[in-house]
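Report on the structure given below.
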Amino acid sequence: MSLQITPLNDAHLKECAALFVSVFNAEPYNDLWTQETAYKRLHEMVHSPGFLGFVCHDAGRMVGLVVGCARQWYSGRVYE
């Protein structure tokens, strides 16, 4: 196993959308994402203020991602 973790950017979005669809359309979520709607959702997240995300590849294949935004809370910054 040779995991590589890198910051997520626009170049990853098509691959991220495919993984997103395969995960969230399956059990236990059973959502109805399409490649297009997942891409739009991820694009919106990447271009949100405070965005921070990473992708994980194993032997050149994307196996995971983490996405979220750092936001101000009364007690300090939080990552959602």
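To be explicit about the labels: the chains of the structure tokens are called A, B, and onward in the order shown, and within each one the residues are counted from 1, while ligands get numbers from 1 in the order they are shown.
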Would you please give, as a PyMOL selection string, all residues of chain A that DSSP assigns to helix (DSSP H, G or I) based on the backbone?
chain A and resi 10-24+35-46
Residues within 10 Å of A:Ser2, only C-alpha atoms, excluding chain neighbours under 5 positions, as a ChimeraX atom specification:
/A:57-60
Counting only C-alpha atoms, the residue of A:Cys69, A:Glu27, A:Val63, A:Phe51 that sits nearest A:Glu15
A:Val63
In Å, how far is it from atom CA of A:Leu3 to atom CA of A:Tyr39?
23.8 Å
So that I can check the secondary structure, give me every residue of chain A assigned strand (DSSP E or B) by backbone DSSP, as a PyMOL selection string.
chain A and resi 3-7+51-58+61-73+76-79
Who sits within 8 Å of A:Val21, only C-alpha atoms, same chain under 4 positions skipped, as a list in words:
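These residues fall inside the cut-off: Ala17, Asn25, Trp33, Thr34, Gln35 and Ala38 of chain A.
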Name the closest residue to A:Arg41 among the candidates A:Leu13, A:Met62, A:Val23, A:Ile5; distances are taken between atoms, counting only C-alpha atoms.
A:Leu13
Near A:Gly53, counting only C-alpha atoms, which residues have an atom at most 6 Å away, once you skip same-chain residues fewer than 3 positions from it, shown as a list of chain:residue names?
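The neighbour list is A:Pro7, A:Leu8, A:Val66, A:Val67.
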Contacts of A:Cys16 at 8 Å (only C-alpha atoms; same-chain gap of 2+ positions) as an MDAnalysis selection string:
chainID A and resid 12:14 18:20 39 42 62 65
I need the chosen residues saved as a PDB file, in the first residue's frame, with all heavy atoms.
ATOM      1  N   HIS A  12      -9.073  17.611  -9.225  1.00  0.00           N
ATOM      2  CA  HIS A  12      -9.533  16.351  -8.641  1.00  0.00           C
ATOM      3  C   HIS A  12     -11.049  16.162  -8.715  1.00  0.00           C
ATOM      4  O   HIS A  12     -11.552  15.080  -8.395  1.00  0.00           O
ATOM      5  CB  HIS A  12      -9.143  16.272  -7.156  1.00  0.00           C
ATOM      6  CG  HIS A  12      -7.691  16.306  -6.896  1.00  0.00           C
ATOM      7  ND1 HIS A  12      -7.095  17.355  -6.236  1.00  0.00           N
ATOM      8  CD2 HIS A  12      -6.712  15.430  -7.189  1.00  0.00           C
ATOM      9  CE1 HIS A  12      -5.806  17.109  -6.132  1.00  0.00           C
ATOM     10  NE2 HIS A  12      -5.540  15.948  -6.717  1.00  0.00           N
ATOM     11  N   LEU A  13     -11.776  17.199  -9.081  1.00  0.00           N
ATOM     12  CA  LEU A  13     -13.228  17.181  -8.897  1.00  0.00           C
ATOM     13  C   LEU A  13     -13.952  16.073  -9.655  1.00  0.00           C
ATOM     14  O   LEU A  13     -14.892  15.473  -9.123  1.00  0.00           O
ATOM     15  CB  LEU A  13     -13.838  18.539  -9.244  1.00  0.00           C
ATOM     16  CG  LEU A  13     -13.554  19.635  -8.223  1.00  0.00           C
ATOM     17  CD1 LEU A  13     -14.192  20.945  -8.659  1.00  0.00           C
ATOM     18  CD2 LEU A  13     -14.053  19.244  -6.850  1.00  0.00           C
ATOM     19  N   LYS A  14     -13.568  15.774 -10.873  1.00  0.00           N
ATOM     20  CA  LYS A  14     -14.258  14.727 -11.625  1.00  0.00           C
ATOM     21  C   LYS A  14     -14.093  13.375 -10.938  1.00  0.00           C
ATOM     22  O   LYS A  14     -15.058  12.623 -10.771  1.00  0.00           O
ATOM     23  CB  LYS A  14     -13.731  14.681 -13.054  1.00  0.00           C
ATOM     24  CG  LYS A  14     -14.505  13.751 -13.946  1.00  0.00           C
ATOM     25  CD  LYS A  14     -14.031  13.854 -15.383  1.00  0.00           C
ATOM     26  CE  LYS A  14     -14.826  12.907 -16.267  1.00  0.00           C
ATOM     27  NZ  LYS A  14     -14.407  12.981 -17.662  1.00  0.00           N
ATOM     28  N   ALA A  18     -17.021  11.018  -8.872  1.00  0.00           N
ATOM     29  CA  ALA A  18     -17.279   9.594  -9.120  1.00  0.00           C
ATOM     30  C   ALA A  18     -17.242   8.801  -7.820  1.00  0.00           C
ATOM     31  O   ALA A  18     -18.107   7.945  -7.575  1.00  0.00           O
ATOM     32  CB  ALA A  18     -16.264   9.048 -10.123  1.00  0.00           C
ATOM     33  N   LEU A  19     -16.261   9.076  -6.967  1.00  0.00           N
ATOM     34  CA  LEU A  19     -16.169   8.388  -5.679  1.00  0.00           C
ATOM     35  C   LEU A  19     -17.352   8.758  -4.788  1.00  0.00           C
ATOM     36  O   LEU A  19     -17.961   7.896  -4.144  1.00  0.00           O
ATOM     37  CB  LEU A  19     -14.845   8.725  -4.992  1.00  0.00           C
ATOM     38  CG  LEU A  19     -14.571   8.051  -3.661  1.00  0.00           C
ATOM     39  CD1 LEU A  19     -14.624   6.532  -3.770  1.00  0.00           C
ATOM     40  CD2 LEU A  19     -13.212   8.504  -3.117  1.00  0.00           C
ATOM     41  N   PHE A  20     -17.708  10.035  -4.764  1.00  0.00           N
ATOM     42  CA  PHE A  20     -18.836  10.539  -3.982  1.00  0.00           C
ATOM     43  C   PHE A  20     -20.119   9.788  -4.364  1.00  0.00           C
ATOM     44  O   PHE A  20     -20.851   9.300  -3.502  1.00  0.00           O
ATOM     45  CB  PHE A  20     -18.970  12.040  -4.250  1.00  0.00           C
ATOM     46  CG  PHE A  20     -19.918  12.774  -3.351  1.00  0.00           C
ATOM     47  CD1 PHE A  20     -19.455  13.448  -2.234  1.00  0.00           C
ATOM     48  CD2 PHE A  20     -21.272  12.845  -3.652  1.00  0.00           C
ATOM     49  CE1 PHE A  20     -20.326  14.169  -1.424  1.00  0.00           C
ATOM     50  CE2 PHE A  20     -22.145  13.554  -2.843  1.00  0.00           C
ATOM     51  CZ  PHE A  20     -21.671  14.217  -1.724  1.00  0.00           C
ATOM     52  N   TYR A  39     -20.561  16.653  -8.788  1.00  0.00           N
ATOM     53  CA  TYR A  39     -19.512  17.578  -9.223  1.00  0.00           C
ATOM     54  C   TYR A  39     -19.867  19.011  -8.804  1.00  0.00           C
ATOM     55  O   TYR A  39     -19.025  19.724  -8.258  1.00  0.00           O
ATOM     56  CB  TYR A  39     -19.340  17.502 -10.743  1.00  0.00           C
ATOM     57  CG  TYR A  39     -18.243  18.387 -11.272  1.00  0.00           C
ATOM     58  CD1 TYR A  39     -16.962  17.881 -11.469  1.00  0.00           C
ATOM     59  CD2 TYR A  39     -18.470  19.728 -11.560  1.00  0.00           C
ATOM     60  CE1 TYR A  39     -15.942  18.691 -11.938  1.00  0.00           C
ATOM     61  CE2 TYR A  39     -17.456  20.543 -12.030  1.00  0.00           C
ATOM     62  CZ  TYR A  39     -16.199  20.021 -12.217  1.00  0.00           C
ATOM     63  OH  TYR A  39     -15.190  20.835 -12.668  1.00  0.00           O
ATOM     64  N   LEU A  42     -19.458  19.437  -4.960  1.00  0.00           N
ATOM     65  CA  LEU A  42     -18.048  19.508  -4.572  1.00  0.00           C
ATOM     66  C   LEU A  42     -17.411  20.802  -5.054  1.00  0.00           C
ATOM     67  O   LEU A  42     -16.613  21.407  -4.336  1.00  0.00           O
ATOM     68  CB  LEU A  42     -17.299  18.286  -5.102  1.00  0.00           C
ATOM     69  CG  LEU A  42     -17.682  16.969  -4.432  1.00  0.00           C
ATOM     70  CD1 LEU A  42     -17.168  15.787  -5.235  1.00  0.00           C
ATOM     71  CD2 LEU A  42     -17.169  16.916  -3.000  1.00  0.00           C
ATOM     72  N   MET A  62      -7.931   6.927  -6.507  1.00  0.00           N
ATOM     73  CA  MET A  62      -8.507   7.671  -5.388  1.00  0.00           C
ATOM     74  C   MET A  62      -9.318   6.724  -4.515  1.00  0.00           C
ATOM     75  O   MET A  62     -10.198   6.011  -5.005  1.00  0.00           O
ATOM     76  CB  MET A  62      -9.392   8.816  -5.876  1.00  0.00           C
ATOM     77  CG  MET A  62      -9.894   9.686  -4.733  1.00  0.00           C
ATOM     78  SD  MET A  62     -10.901  11.082  -5.277  1.00  0.00           S
ATOM     79  CE  MET A  62      -9.668  12.090  -6.061  1.00  0.00           C
ATOM     80  N   LEU A  65     -11.527  10.961   0.374  1.00  0.00           N
ATOM     81  CA  LEU A  65     -11.386  12.410   0.400  1.00  0.00           C
ATOM     82  C   LEU A  65     -12.028  12.935   1.667  1.00  0.00           C
ATOM     83  O   LEU A  65     -12.890  12.284   2.258  1.00  0.00           O
ATOM     84  CB  LEU A  65     -12.022  13.071  -0.830  1.00  0.00           C
ATOM     85  CG  LEU A  65     -13.524  12.915  -1.024  1.00  0.00           C
ATOM     86  CD1 LEU A  65     -14.142  14.274  -1.326  1.00  0.00           C
ATOM     87  CD2 LEU A  65     -13.786  11.990  -2.201  1.00  0.00           C
TER      88      LEU A  65
END
